[in-house]
Structure formats: structure tokens, C-alpha cells
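**Q** Just model20.txt, nothing more (compact mmCIF, C-alpha atoms):
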# COMPACT_ATOMS: atom_id res chain seq x y z
CA MET A 1395 95.83 77.65 105.55
CA GLU A 1396 94.06 76.60 108.76
CA LEU A 1397 93.71 79.77 110.82
CA ASP A 1398 92.88 77.86 113.99
CA GLN A 1399 96.13 75.85 113.70
CA MET A 1400 98.63 78.66 113.20
CA ASP A 1401 102.10 77.94 114.64
CA VAL A 1402 104.22 81.00 115.39
CA ASN A 1403 107.40 78.89 115.03
CA GLU A 1404 106.68 78.48 111.29
CA TRP A 1405 107.02 82.22 110.73
CA LYS A 1406 110.04 84.55 110.81
CA TYR A 1407 110.73 88.27 110.70
CA HIS A 1408 111.15 89.37 107.07
CA GLY A 1409 111.42 93.15 107.19
CA GLU A 1410 109.48 96.35 107.66
CA GLY A 1411 108.93 99.82 106.30
CA ASN A 1412 107.40 102.97 107.66
CA LYS A 1413 103.83 101.66 107.70
CA SER A 1414 103.98 97.89 107.93
CA LEU A 1415 105.90 94.87 109.27
CA VAL A 1416 106.25 91.63 107.29
CA VAL A 1417 106.74 88.04 108.46
CA SER A 1418 107.32 85.14 106.06
CA HIS A 1419 106.56 81.43 106.28
CA LEU A 1420 109.57 79.14 106.57
CA GLN A 1421 108.36 76.72 103.87
CA ARG A 1422 105.46 78.26 101.94
CA SER A 1423 105.98 81.20 99.59
CA GLN A 1424 103.71 83.39 101.67
CA VAL A 1425 103.94 86.47 103.88
CA PHE A 1426 101.72 88.30 106.35
CA ARG A 1427 101.88 92.07 106.31
CA PHE A 1428 100.83 93.77 109.56
CA LEU A 1429 100.12 97.48 109.76
CA LYS A 1430 101.97 99.55 112.35
CA TYR A 1431 101.01 102.58 114.40
CA PRO A 1432 102.93 105.06 116.57
CA ALA A 1433 103.91 103.55 119.92
CA SER A 1434 101.90 106.27 121.69
CA ASP A 1435 98.71 105.52 119.70
CA THR A 1436 97.30 102.42 121.43
CA GLU A 1437 93.77 103.05 120.10
CA ASN A 1438 94.72 102.62 116.47
CA LEU A 1439 92.63 99.84 114.89
CA CYS A 1440 93.02 98.84 111.24
CA LYS A 1441 90.78 97.07 108.74
CA VAL A 1442 92.63 94.81 106.33
CA VAL A 1443 92.06 91.44 104.69
CA VAL A 1444 92.75 88.30 106.75
CA GLN A 1445 91.62 87.93 110.36
CA LEU A 1446 94.08 85.93 112.44
CA PRO A 1447 93.81 84.55 115.98
CA LEU A 1448 94.85 87.32 118.38
CA GLU A 1449 97.03 84.91 120.34
CA PHE A 1450 98.98 84.08 117.18
CA VAL A 1451 99.40 87.77 116.28
CA GLN A 1452 100.65 88.64 119.77
CA SER A 1453 103.09 85.70 119.68
CA VAL A 1454 104.43 86.86 116.32
CA CYS A 1455 104.91 90.36 117.72
CA LEU A 1456 106.94 89.05 120.65
CA LYS A 1457 108.99 86.73 118.45
CA VAL A 1458 110.06 89.38 115.92
CA GLN A 1459 110.62 92.26 118.34
CA GLN A 1460 114.28 91.38 119.03
CA GLU A 1461 115.01 91.20 115.29
CA ARG A 1462 113.56 94.62 114.46
CA PRO A 1463 115.97 97.47 113.64
CA GLU A 1464 116.17 99.97 116.47
CA SER A 1465 115.23 102.84 114.16
CA ARG A 1466 111.88 101.16 113.39
CA CYS A 1467 110.82 100.51 116.98
CA ASP A 1468 109.13 103.89 117.40
CA LYS A 1469 106.07 102.19 115.89
CA MET A 1470 104.30 99.09 117.13
CA MET A 1471 102.84 96.21 115.19
CA ASP A 1472 99.02 96.13 115.26
CA THR A 1473 98.17 93.34 117.72
CA PHE A 1474 94.67 94.56 118.58
CA SER A 1475 92.60 94.06 115.41
CA GLY A 1476 93.88 90.60 114.40
CA TYR A 1477 93.88 91.70 110.75
CA ALA A 1478 96.75 91.34 108.27
CA LEU A 1479 97.33 91.22 104.54
CA CYS A 1480 98.10 87.73 103.22
CA LEU A 1481 100.37 88.15 100.20
CA PRO A 1482 102.74 86.12 98.01
CA ASN A 1483 106.39 86.23 99.04
CA LEU A 1484 107.90 88.18 96.13
CA THR A 1485 111.46 87.25 97.13
CA LYS A 1486 110.65 83.80 95.69
CA LEU A 1487 109.54 82.83 92.20
CA PRO A 1488 105.88 81.93 91.76
CA ALA A 1489 105.40 78.16 91.86
CA PHE A 1490 104.35 77.94 88.20
CA HIS A 1491 107.80 79.19 87.12
CA PHE A 1492 109.75 76.34 88.66
CA SER A 1493 109.80 73.64 91.30
CA GLU A 1494 109.73 75.11 94.83
CA LYS A 1495 112.73 72.89 95.65
CA GLN A 1496 114.94 74.90 93.27
CA SER A 1497 117.15 77.60 94.73
CA SER A 1498 116.22 81.16 93.86
CA LEU A 1499 117.71 84.65 94.13
CA CYS A 1500 115.83 87.91 94.42
CA ILE A 1501 117.15 91.42 93.86
CA GLU A 1502 115.14 94.21 95.49
CA ILE A 1503 115.88 97.68 94.09
CA LYS A 1504 114.40 100.93 95.35
CA PRO A 1505 115.30 103.07 92.32
CA LYS A 1506 113.98 106.47 93.61
CA CYS A 1507 113.21 109.44 91.34
CA GLY A 1508 114.52 108.96 87.80
CA PHE A 1509 114.11 112.46 86.32
CA LEU A 1510 115.10 116.07 86.94
CA PRO A 1511 112.36 118.67 87.53
CA PHE A 1512 111.17 120.52 84.43
CA SER A 1513 108.60 122.74 86.13
CA ARG A 1514 108.75 126.55 85.73
CA HIS A 1515 107.92 126.78 89.47
CA VAL A 1516 111.39 125.58 90.52
CA SER A 1517 113.14 128.42 92.35
CA ARG A 1518 116.64 126.94 92.62
CA GLU A 1519 118.47 126.39 89.34
CA THR A 1520 120.49 123.59 90.95
CA LYS A 1521 117.37 121.39 90.96
CA TYR A 1522 117.42 121.42 87.14
CA ARG A 1523 120.99 120.03 87.16
CA VAL A 1524 121.39 117.74 90.22
CA CYS A 1525 118.88 115.04 91.12
CA ARG A 1526 117.07 114.82 94.45
CA PHE A 1527 118.77 111.55 95.44
CA CYS A 1528 122.31 112.86 94.93
CA MET A 1529 121.55 116.09 96.82
CA HIS A 1530 119.86 114.20 99.67
CA GLN A 1531 122.99 112.07 100.20
CA HIS A 1532 124.80 115.07 101.71
CA LEU A 1533 122.03 115.73 104.25
CA LYS A 1534 121.69 112.04 105.17
CA LEU A 1535 125.43 111.81 105.75
CA ALA A 1536 125.35 114.90 107.99
CA ASN A 1537 122.39 113.54 109.97
CA GLY A 1538 124.12 110.19 110.54
CA LYS A 1539 121.54 108.26 108.51
CA TRP A 1540 124.42 106.70 106.55
CA HIS A 1541 128.16 106.66 107.15
CA ARG A 1542 129.30 106.60 103.53
CA MET A 1543 128.16 108.47 100.45
CA SER A 1544 126.46 106.44 97.73
CA ARG A 1545 127.68 107.04 94.17
CA TYR A 1546 124.46 105.63 92.75
CA CYS A 1547 122.44 108.07 90.64
CA PRO A 1548 118.85 107.11 89.66
CA LEU A 1549 119.11 108.97 86.34
CA ASP A 1550 121.81 106.51 85.25
CA LEU A 1551 119.55 103.54 86.02
CA PHE A 1552 116.55 105.10 84.24
CA SER A 1553 118.62 106.17 81.21
CA GLY A 1554 118.07 103.00 79.16
CA SER A 1555 121.80 103.07 78.31
CA LYS A 1556 123.27 99.70 79.28
CA GLN A 1557 126.61 101.34 80.09
CA ARG A 1558 125.00 103.86 82.46
CA MET A 1559 122.69 101.23 83.96
CA SER A 1560 125.66 98.93 84.64
CA PHE A 1561 127.48 101.81 86.32
CA ALA A 1562 124.43 102.53 88.51
CA LEU A 1563 124.05 98.89 89.54
CA LYS A 1564 127.76 98.56 90.38
CA ASN A 1565 127.44 101.58 92.66
CA LEU A 1566 124.38 100.06 94.33
CA LEU A 1567 126.33 96.86 94.98
CA GLN A 1568 129.26 98.80 96.45
CA GLU A 1569 127.07 100.94 98.74
CA PRO A 1570 123.52 99.51 98.86
CA GLN A 1571 122.17 101.62 101.75
CA ASN A 1572 118.42 100.82 101.67
CA ASN A 1573 118.23 100.92 97.86
CA LEU A 1574 119.37 97.35 97.18
CA LYS A 1575 118.84 94.01 98.92
CA ILE A 1576 119.61 90.48 97.75
CA PHE A 1577 117.72 87.46 99.01
CA LYS A 1578 118.57 83.78 98.63
CA ASN A 1579 115.58 81.47 99.02
CA GLY A 1580 113.75 84.27 100.79
CA THR A 1581 116.53 85.10 103.28
CA LEU A 1582 118.44 88.39 103.17
CA ILE A 1583 122.09 87.78 102.25
CA TYR A 1584 123.18 91.28 101.17
CA GLY A 1585 122.00 94.80 101.99
CA CYS A 1586 120.86 96.83 104.97
CA LYS A 1587 118.07 96.28 107.45
CA ASP A 1588 118.82 99.80 108.64
CA GLU A 1589 121.82 102.10 108.97
CA LYS A 1590 123.22 100.10 111.91
CA ASP A 1591 122.51 96.57 110.72
CA SER A 1592 123.92 95.56 107.35
CA LEU A 1593 125.25 92.60 105.39
CA GLN A 1594 127.71 94.12 102.92
CA ASP A 1595 130.57 91.67 102.49
CA LEU A 1596 131.09 91.32 98.73
CA ASN A 1597 133.21 88.19 99.16
CA THR A 1598 130.37 86.47 101.01
CA LEU A 1599 127.95 87.63 98.31
CA ILE A 1600 130.18 86.17 95.56
CA HIS A 1601 130.28 82.88 97.48
CA HIS A 1602 126.46 82.81 97.34
CA LEU A 1603 126.24 83.90 93.68
CA LYS A 1604 128.93 81.71 92.09
CA PRO A 1605 126.90 78.45 91.99
CA TYR A 1606 124.14 80.26 90.07
CA PHE A 1607 126.36 81.73 87.36
CA TYR A 1608 129.21 79.19 87.24
CA PRO A 1609 127.66 75.94 88.48
CA ALA A 1610 130.44 73.67 87.17
CA ASN A 1611 133.43 76.00 87.10
CA GLY A 1612 135.63 75.95 90.19
CA LEU A 1613 138.48 77.90 88.54
CA ILE A 1614 137.01 81.38 88.84
CA SER A 1615 138.53 83.19 91.82
CA GLY A 1616 140.27 86.36 92.97
CA SER A 1617 139.39 89.92 91.97
CA HIS A 1618 138.88 88.90 88.34
CA GLY A 1619 136.41 86.24 89.46
CA THR A 1620 134.56 88.74 91.64
CA ARG A 1621 134.18 91.16 88.71
CA THR A 1622 133.06 88.35 86.41
CA VAL A 1623 130.34 87.12 88.76
CA LEU A 1624 129.09 90.66 89.49
CA ASN A 1625 129.01 91.43 85.76
CA GLU A 1626 126.87 88.36 85.18
CA LEU A 1627 124.50 89.45 87.95
CA ILE A 1628 124.30 92.98 86.52
CA HIS A 1629 123.58 91.54 83.06
CA VAL A 1630 120.63 89.52 84.39
CA ILE A 1631 119.24 92.51 86.30
CA THR A 1632 119.58 94.82 83.29
CA VAL A 1633 117.83 92.41 80.92
CA ALA A 1634 114.96 91.99 83.38
CA LEU A 1635 114.58 95.76 83.86
CA LEU A 1636 114.56 96.46 80.10
CA ASN A 1637 112.37 93.54 79.04
CA ALA A 1638 109.48 94.78 76.87
CA THR A 1639 107.12 93.43 74.27
CA ASP A 1640 108.20 96.18 71.84
CA SER A 1641 111.71 97.49 72.52
CA ARG A 1642 111.53 99.93 69.58
CA ARG A 1643 109.07 102.31 71.26
CA LYS A 1644 111.03 104.54 73.64
CA TYR A 1645 110.09 106.80 76.52
CA ILE A 1646 112.29 109.79 77.40
CA PRO A 1647 111.07 112.28 80.04
CA GLU A 1648 111.13 116.05 79.63
CA GLY A 1649 114.12 118.01 80.88
CA ARG A 1650 117.78 117.10 81.21
CA THR A 1651 118.44 113.34 81.21
CA TYR A 1652 121.65 113.28 83.22
CA CYS A 1653 122.64 114.50 86.68
CA GLU A 1654 125.73 116.63 87.18
CA ALA A 1655 126.48 114.79 90.42
CA SER A 1656 126.89 111.43 88.66
CA THR A 1657 130.51 110.31 88.78
CA LEU A 1658 130.30 108.75 85.31
CA HIS A 1659 132.37 110.54 82.67
CA ARG A 1660 130.46 113.59 81.38
CA GLU A 1661 130.78 112.62 77.69
CA ILE A 1662 129.25 109.22 78.40
CA LEU A 1663 126.40 110.90 80.26
CA ARG A 1664 125.65 113.26 77.38
CA LYS A 1665 125.80 110.54 74.75
CA GLY A 1666 124.08 107.86 76.83
CA ILE A 1667 120.52 109.04 76.17
CA SER A 1668 119.01 105.81 74.89
CA GLY A 1669 115.50 106.04 76.34
CA LEU A 1670 113.59 103.18 77.95
CA PRO A 1671 111.42 100.66 76.09
CA LYS A 1672 107.97 102.14 76.67
CA ASP A 1673 106.42 99.14 78.43
CA CYS A 1674 109.41 97.93 80.48
CA VAL A 1675 109.10 98.11 84.26
CA LEU A 1676 111.41 101.13 84.62
CA SER A 1677 109.49 103.06 81.98
CA LYS A 1678 106.15 102.38 83.68
CA ILE A 1679 107.53 103.61 86.99
CA LEU A 1680 109.09 106.68 85.39
CA GLN A 1681 105.87 107.61 83.60
CA ALA A 1682 104.05 107.49 86.94
CA GLN A 1683 106.80 109.57 88.58
CA THR A 1684 106.52 112.33 85.97
CA LEU A 1685 102.90 112.95 86.99
CA ASP A 1686 104.72 115.30 89.36
CA ASN A 1687 105.05 117.94 86.64
CA LEU A 1688 104.82 120.98 88.94
CA ASP A 1689 107.49 119.98 91.46
CA ILE A 1690 106.65 120.33 95.17
CA GLU A 1691 107.23 124.10 94.85
CA GLY A 1692 104.42 124.42 92.33
CA LEU A 1693 102.23 121.85 94.06
CA TYR A 1694 102.33 123.30 97.58
CA PRO A 1695 100.13 126.38 96.84
CA LEU A 1696 97.53 124.02 95.35
CA TYR A 1697 97.69 121.87 98.47
CA ARG A 1698 97.04 125.02 100.53
CA ARG A 1699 94.00 125.77 98.34
CA VAL A 1700 92.60 122.29 99.01
CA GLN A 1701 93.41 122.51 102.71
CA GLN A 1702 91.64 125.86 103.12
CA HIS A 1703 88.59 124.45 101.33
CA LEU A 1704 88.53 121.41 103.64
CA GLU A 1705 88.85 123.58 106.72
CA GLU A 1706 85.74 125.46 105.60
CA PHE A 1707 83.88 122.42 104.26
CA PRO A 1708 85.24 119.29 106.05
CA GLU A 1709 82.45 117.12 104.61
CA GLU A 1710 84.02 117.61 101.13
CA ARG A 1711 86.90 115.31 102.07
CA THR A 1712 84.89 112.27 100.94
CA ARG A 1713 83.72 113.76 97.63
CA LEU A 1714 87.24 114.85 96.75
CA GLN A 1715 88.55 111.33 97.56
CA ILE A 1716 91.32 112.62 99.84
CA ASP A 1717 91.36 109.24 101.61
CA GLY A 1718 90.32 107.14 98.62
CA PRO A 1719 88.83 104.88 97.49
CA TYR A 1720 91.54 104.50 94.86
CA ASP A 1721 89.22 103.14 92.19
CA LYS A 1722 88.23 103.88 88.59
CA SER A 1723 86.83 107.28 89.59
CA PHE A 1724 90.14 108.19 91.23
CA LEU A 1725 92.04 107.08 88.11
CA GLU A 1726 89.82 109.24 85.90
CA LYS A 1727 90.70 112.25 88.05
CA LEU A 1728 94.39 111.58 87.35
CA GLU A 1729 93.93 111.19 83.60
CA ASN A 1730 91.57 114.10 82.92
CA VAL A 1731 93.37 117.06 84.48
CA GLN A 1732 92.94 120.28 82.49
CA PRO A 1733 96.21 121.83 81.32
CA GLU A 1734 95.75 125.24 82.98
CA ASP A 1735 94.82 126.23 86.53
CA ASP A 1736 91.31 127.68 86.56
CA GLY A 1737 91.48 128.60 90.22
CA THR A 1738 89.07 125.86 91.35
CA VAL A 1739 89.52 123.39 94.17
CA GLU A 1740 88.76 120.59 91.68
CA TYR A 1741 91.86 121.44 89.63
CA ALA A 1742 93.96 121.73 92.79
CA VAL A 1743 92.86 118.36 94.20
CA GLN A 1744 93.52 116.63 90.86
CA LYS A 1745 97.10 117.92 90.85
CA VAL A 1746 97.47 116.87 94.50
CA HIS A 1747 96.31 113.35 93.59
CA GLN A 1748 98.79 113.23 90.69
CA TYR A 1749 101.58 114.29 93.02
CA ARG A 1750 100.69 111.60 95.58
CA VAL A 1751 100.77 108.89 92.90
CA ALA A 1752 104.10 110.25 91.62
CA MET A 1753 105.56 110.18 95.14
CA THR A 1754 104.42 106.58 95.53
CA ALA A 1755 106.23 105.67 92.29
CA LYS A 1756 109.34 107.51 93.51
CA ASP A 1757 109.47 105.33 96.63
CA CYS A 1758 108.38 101.92 95.27
CA SER A 1759 110.58 98.81 95.04
CA ILE A 1760 111.25 96.45 92.13
CA MET A 1761 111.58 92.73 92.92
CA ILE A 1762 113.47 90.60 90.38
CA ALA A 1763 113.30 86.93 91.38
CA PHE A 1764 115.13 84.34 89.26
CA SER A 1765 116.24 80.74 89.33
CA PRO A 1766 118.39 78.56 87.04
CA CYS A 1767 116.49 76.53 84.48
CA ALA A 1768 117.80 73.72 82.29
CA GLU A 1769 117.56 73.61 78.49
CA ASP A 1770 114.79 71.02 78.66
CA GLU A 1771 112.72 73.32 80.89
CA LEU A 1772 110.94 75.62 78.49
CA PRO A 1773 108.98 78.35 80.24
CA ASP A 1774 107.74 81.37 78.27
CA SER A 1775 110.74 82.60 76.26
CA HIS A 1776 110.04 86.16 77.46
CA LEU A 1777 110.76 84.93 80.98
CA VAL A 1778 114.20 83.43 80.27
CA ILE A 1779 117.52 85.28 80.53
CA PRO A 1780 120.65 83.60 79.13
CA SER A 1781 124.03 84.30 80.76
CA SER A 1782 127.53 82.96 80.00
CA LYS A 1783 127.17 79.60 81.76
CA SER A 1784 123.51 79.51 82.85
CA ARG A 1785 119.99 80.46 81.89
CA PHE A 1786 117.36 81.78 84.27
CA THR A 1787 113.62 81.98 84.49
CA TYR A 1788 112.49 85.11 86.28
CA SER A 1789 109.66 87.35 87.40
CA VAL A 1790 109.50 91.11 87.94
CA SER A 1791 107.15 92.69 90.49
CA ILE A 1792 106.58 96.13 91.97
CA LEU A 1793 105.71 96.62 95.63
CA ASP A 1794 105.34 99.37 98.24
CA LEU A 1795 102.52 100.97 96.29
CA ASP A 1796 100.56 102.34 99.23
CA PRO A 1797 99.39 105.86 98.29
CA LYS A 1798 101.40 108.56 100.02
CA PRO A 1799 99.23 110.38 102.58
CA TYR A 1800 97.76 113.77 101.76
CA GLU A 1801 98.92 115.05 105.15
CA ASN A 1802 102.58 114.36 104.22
CA ILE A 1803 102.76 117.15 101.64
CA PRO A 1804 103.87 119.95 104.05
CA HIS A 1805 106.67 117.68 105.28
CA GLN A 1806 107.81 117.08 101.69
CA TYR A 1807 107.79 120.81 101.01
CA LYS A 1808 109.98 121.55 104.04
CA LEU A 1809 112.28 118.59 103.34
CA ASP A 1810 112.83 119.75 99.76
CA GLY A 1811 114.06 123.11 101.02
CA LYS A 1812 116.35 121.48 103.60
CA ILE A 1813 117.89 119.16 101.01
CA VAL A 1814 118.60 121.91 98.48
CA ASN A 1815 119.87 124.40 101.08
CA TYR A 1816 122.24 121.90 102.66
CA PHE A 1817 123.55 120.75 99.28
CA LEU A 1818 124.24 124.33 98.21
CA LYS A 1819 125.90 125.07 101.56
CA LYS A 1820 128.19 122.03 101.22
CA THR A 1821 129.06 122.44 97.55
CA LEU A 1822 129.37 126.23 97.54
CA GLY A 1823 131.43 126.09 100.74
CA LYS A 1824 133.72 123.50 99.19
CA GLN A 1825 134.04 125.55 96.00
CA GLU A 1826 134.87 128.73 97.98
CA HIS A 1827 137.50 126.79 99.95
CA GLU A 1828 139.02 125.44 96.75
CA ASP A 1829 139.04 128.91 95.16
CA CYS A 1830 140.65 130.37 98.25
CA THR A 1831 143.29 127.66 98.27
CA LEU A 1832 144.12 128.32 94.64
CA VAL A 1833 144.46 132.08 95.19
CA LEU A 1834 146.74 131.67 98.19
CA HIS A 1835 148.82 129.14 96.29
CA SER A 1836 149.34 131.54 93.39
CA VAL A 1837 150.35 134.39 95.71
With the file now loaded, output its structure as C-alpha cells.

**A**
Amino acid sequence: MELDQMDVNEWKYHGEGNKSLVVSHLQRSQVFRFLKYPASDTENLCKVVVQLPLEFVQSVCLKVQQERPESRCDKMMDTFSGYALCLPNLTKLPAFHFSEKQSSLCIEIKPKCGFLPFSRHVSRETKYRVCRFCMHQHLKLANGKWHRMSRYCPLDLFSGSKQRMSFALKNLLQEPQNNLKIFKNGTLIYGCKDEKDSLQDLNTLIHHLKPYFYPANGLISGSHGTRTVLNELIHVITVALLNATDSRRKYIPEGRTYCEASTLHREILRKGISGLPKDCVLSKILQAQTLDNLDIEGLYPLYRRVQQHLEEFPEERTRLQIDGPYDKSFLEKLENVQPEDDGTVEYAVQKVHQYRVAMTAKDCSIMIAFSPCAEDELPDSHLVIPSSKSRFTYSVSILDLDPKPYENIPHQYKLDGKIVNYFLKKTLGKQEHEDCTLVLHSV
């Protein structure tokens, strides 16, 4: 890549999150990731990996501005430092898997938290029974974040039961919100950029998917054909998510393994406790998530202990690795936490670090990229998924692993209370209304 010959017309807007904006190359499987800063903070300078010509960066900023979702425009792309991260485009298969001329699909899933709290510090019994995602749906609907309720429940996806996982994926396809996106050759074809800009036409999606799963069958059509194609897609996703070197070793988190808000039949939920293969991608994410073993209610007093210590001794921020570096020393702090609180700031900061890693795992994304491969193409057998009419080579990646900021903990504590209070208000109010209706009817 010749940095002095960069052409802005070879790059397009790819997407953005809370902290960064991504552009992708039109031909090469490559992206640039630019950090963002609040629109009011014009002095923010960032140090990252690749230094690009400032003229190119400013041209990219102007080119993508009209494509950015309105809800993301409160932050500006960093055009002052000239730095960006140069990364592989995970919506496409790595070149060693297949020829770059082959067509590929990519499913991006943001699975969210896959377990119910098991901490003794939880003050609301509802949190032991209904997952954070399902409760948060009510508040998001009330705030206008989304216009329709999602029936997806993360505990179904993380169950390891193929029946429950299939149910979860069908619900994601019906109402993807920002938890599911589908890319074809690196271009978004299904899902939401934000709450006001979405591509959610299932018929159009089936039109894109059919050549992958039924390349020589023109007879499949109608509602039966739609279900058949979606079932094939769900099969491929499920196999990729459960792939493990040893499927016999299972991981099941502490606490209840099903959510009472899931719309799947209760008997299926109770019996569908299969556990995840211990080294599959979902299991690795879930094990990181369960580092949050105190819940935010138990963690917040420890955060206050650390904060009071830092207010008195601000120079300790570096020793305690509040801002990193996230290296071997940081990892050792996560792994060697004593079981009981001894009242020290060291114990408190270790639990804070565990919580931050858990929150990162709760908000990460899984990228499953796959492409058809012929019988005479023999990649690693672990990287091949057979379906009814096709076989696919694939890769699974995890992204959005930036550590959650220490300063975000008070916000999470307040948000947790808002979510639970609003859920109880809505559900208890509905129950009281239903009870009242029944009493009046009987009179």
C-alpha cells in the first residue's frame, strides 16, 4: 500500500460504532478504522498504528459524512492526527481460504449477555429470572430507540441446544435491530445502520441467499422456499458457532440457564440445557462474560473504593493499570483474584478490571464469513460446513474488543437501575390491569 498514492475514490463508508468509524477498500480485503471524538472536543489527538496523509483523511471524512447515520454524528472522525488502524476486512474470507473472485457472505452477530446474574448482591429478584437484554427492550422501545420489540433472547443462543439456538437466530432475522447484519462481498444487504436506516426485506435477502444454498435449483419459491433457505442459513451459522476441537467437554454457567421472557415454550427451555462445547466461540465469549460474578450492584461499591483512592493518590492510576497497558501483567491481575474481599484497593481494582473485560465480552461481535467451495477444493476439514445442496469454507472472528472505560461504570450502575425499574413498571402495570379486568369480568 503506497501511502503517498492514496485515492479516496477507492474507499467507501463501511460502518461505525461509539468509538470508531470504518471505511473499506473497494477491491482489497482491507479496512481503515479511524477513532472518533465528541464534536465539541477539537483538541482530541489519538495515537494509533498507520499514519496517513492528512489530505487523504480529510477527503475520506467529507466523502463518508453523508452516509453516516444521524444518531452517530454527535462525534467527529479524527482528521487531525492522520493515524488509523489498518485491519483485515472481516466481512470477507481471508485470501488463503478461497479465491478473492469467489462470492462470500458474512453474518455479524452481536450476541449480548448470555447468562443470568448469580451474585448475592442482586437486590431485585427479577434479575435472577429475566435477562438484561429482554428487560432492556422495554426501555428502548419507550425511548424510541427501536419501533418493534425483538423476541431474540441471548440465553437461547448461548444454550448450546440447537433447537433454542435456531429459535434465537430466527428471531434475529425477523427483527435484527443492531444485533445482526448480513454482508455480501463486503456490502451490507440486511440489518440496521441505525434505528432510522435499515435493510430488512426478507424477500430481498432470500434473493441474495438462494444462489449460495441452491445454486442449480430454480424450483424453490414461495413461503416454503423462504423457510427452506433461512433454515439452511441458520444451520450454517449454528455449526460455525458450535465448532470445537472437543465437543464432549461442555461449559454451563452458574445460575438459571433460561430467561422467563423468552417466547419459546417453557418445557423446551427447561429441557434445552445442553451446554456449549468448551472451546467453541460462544463458550469463550460466555466464559469472559461471567468474569462479572458480582453484578454491577456488587461491583459499584468496589469502584467507589478505587475512585476514592485515586482521588487521594492520583499517581496510583498508572500502577493500578486503570488505562492499561492491557498486557501479561494485566491478564495476571484478572486470573489471580482472591476469593474474598480483604478491604484493599488491590482487590477492588482487580474486580473492576474483571468487570470491564466482562462488559467488553457482553458487547463484542462475532463475524462468520463463508463462501461455497467445490468437492475438489479441500481446505481444512474443520473449516468446511456441508448443507443440503452446497458446502462452505468459513472463518469465525471476534471484534469490538476495545476495553470498556473505567469511567463508564457509574453510567452502567444507573442504567441497570433504569432498565429494571422500567421493566417492573411495565410488567407489573400490565399484570395489575389484567387482574383488574378479570375481577370486573367476573362481577

**Q** With only C-alpha atoms as the basis for distance, which of A:Glu1740, A:Glu1569, A:Glu1729, A:Glu1706 is at the shortest distance from Cys1547 in chain A?

**A** A:Glu1569

**Q** Tell me which of A:Gln1732, A:His1602, A:Gln1459, A:Leu1777 sits closest to Ala1638 in chain A, counting only C-alpha atoms.

**A**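 Ranked by minimum distance to Ala1638 in chain A, first place goes to A:Leu1777.
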
**Q** Rounded to one decimal place, report the CA of Trp1540 in chain A-CA of Ile1813 in chain A distance in Å.

**A** 15.1 Å

**Q** Taking the point (121.7, 94.6, 85.3) as given in the file, collect each protein or nucleic acid residue that comes within 10 Å of it, counting all atoms listed in the file, and present the set as JSON, numbers by chain.

**A** {"A": [1551, 1556, 1557, 1559, 1560, 1561, 1562, 1563, 1564, 1624, 1625, 1626, 1627, 1628, 1629, 1630, 1631, 1632, 1633, 1634, 1635, 1636]}

**Q** Anything within 12 Å of (108.9, 96.8, 69.9): list those residues as number ranges by chain, counting only C-alpha atoms and sticking to the file's coordinates.

**A** A: 1636-1644, 1670-1674

**Q** Could the residues in this selection be saved with C-alpha atoms as a compact mmCIF listing (two decimals), in the coordinates of the input?

**A**
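After the write, result.txt holds the following:
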# COMPACT_ATOMS: atom_id res chain seq x y z
CA LEU A 1636 114.56 96.46 80.10
CA ASN A 1637 112.37 93.54 79.04
CA ALA A 1638 109.48 94.78 76.87
CA THR A 1639 107.12 93.43 74.27
CA ASP A 1640 108.20 96.18 71.84
CA SER A 1641 111.71 97.49 72.52
CA ARG A 1642 111.53 99.93 69.58
CA ARG A 1643 109.07 102.31 71.26
CA LYS A 1644 111.03 104.54 73.64
CA LEU A 1670 113.59 103.18 77.95
CA PRO A 1671 111.42 100.66 76.09
CA LYS A 1672 107.97 102.14 76.67
CA ASP A 1673 106.42 99.14 78.43
CA CYS A 1674 109.41 97.93 80.48

**Q** With all atoms listed in the file as the atoms that count, which of A:Gly1580, A:Gly1538, A:Gly1669, A:Pro1482 lies nearest to Phe1552 in chain A?

**A**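 Under the stated criterion, the closest residue is A:Gly1669.
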
**Q** Could you jot down the CA of His1703 in chain A to CA of Val1739 in chain A separation for me, Å, one decimal place?

**A** 7.3 Å

**Q** Point out the residue among A:Gln1594, A:Ser1498, A:Ser1453, A:Ser1414 with the least atom-to-atom distance to Met1471 in chain A, counting only C-alpha atoms.

**A**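 The closest residue to Met1471 in chain A is A:Ser1414.
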
**Q** Could you check how far CA of Leu1680 in chain A sits from CA of Ser1656 in chain A, in Å to one decimal?

**A** 18.7 Å

**Q** Calculated over only C-alpha atoms, which of the candidates A:Lys1808, A:Arg1523, A:Arg1711, A:Arg1698 has the smallest distance to Thr1651 in chain A?

**A**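 So, comparing all the options, the nearest one is A:Arg1523.
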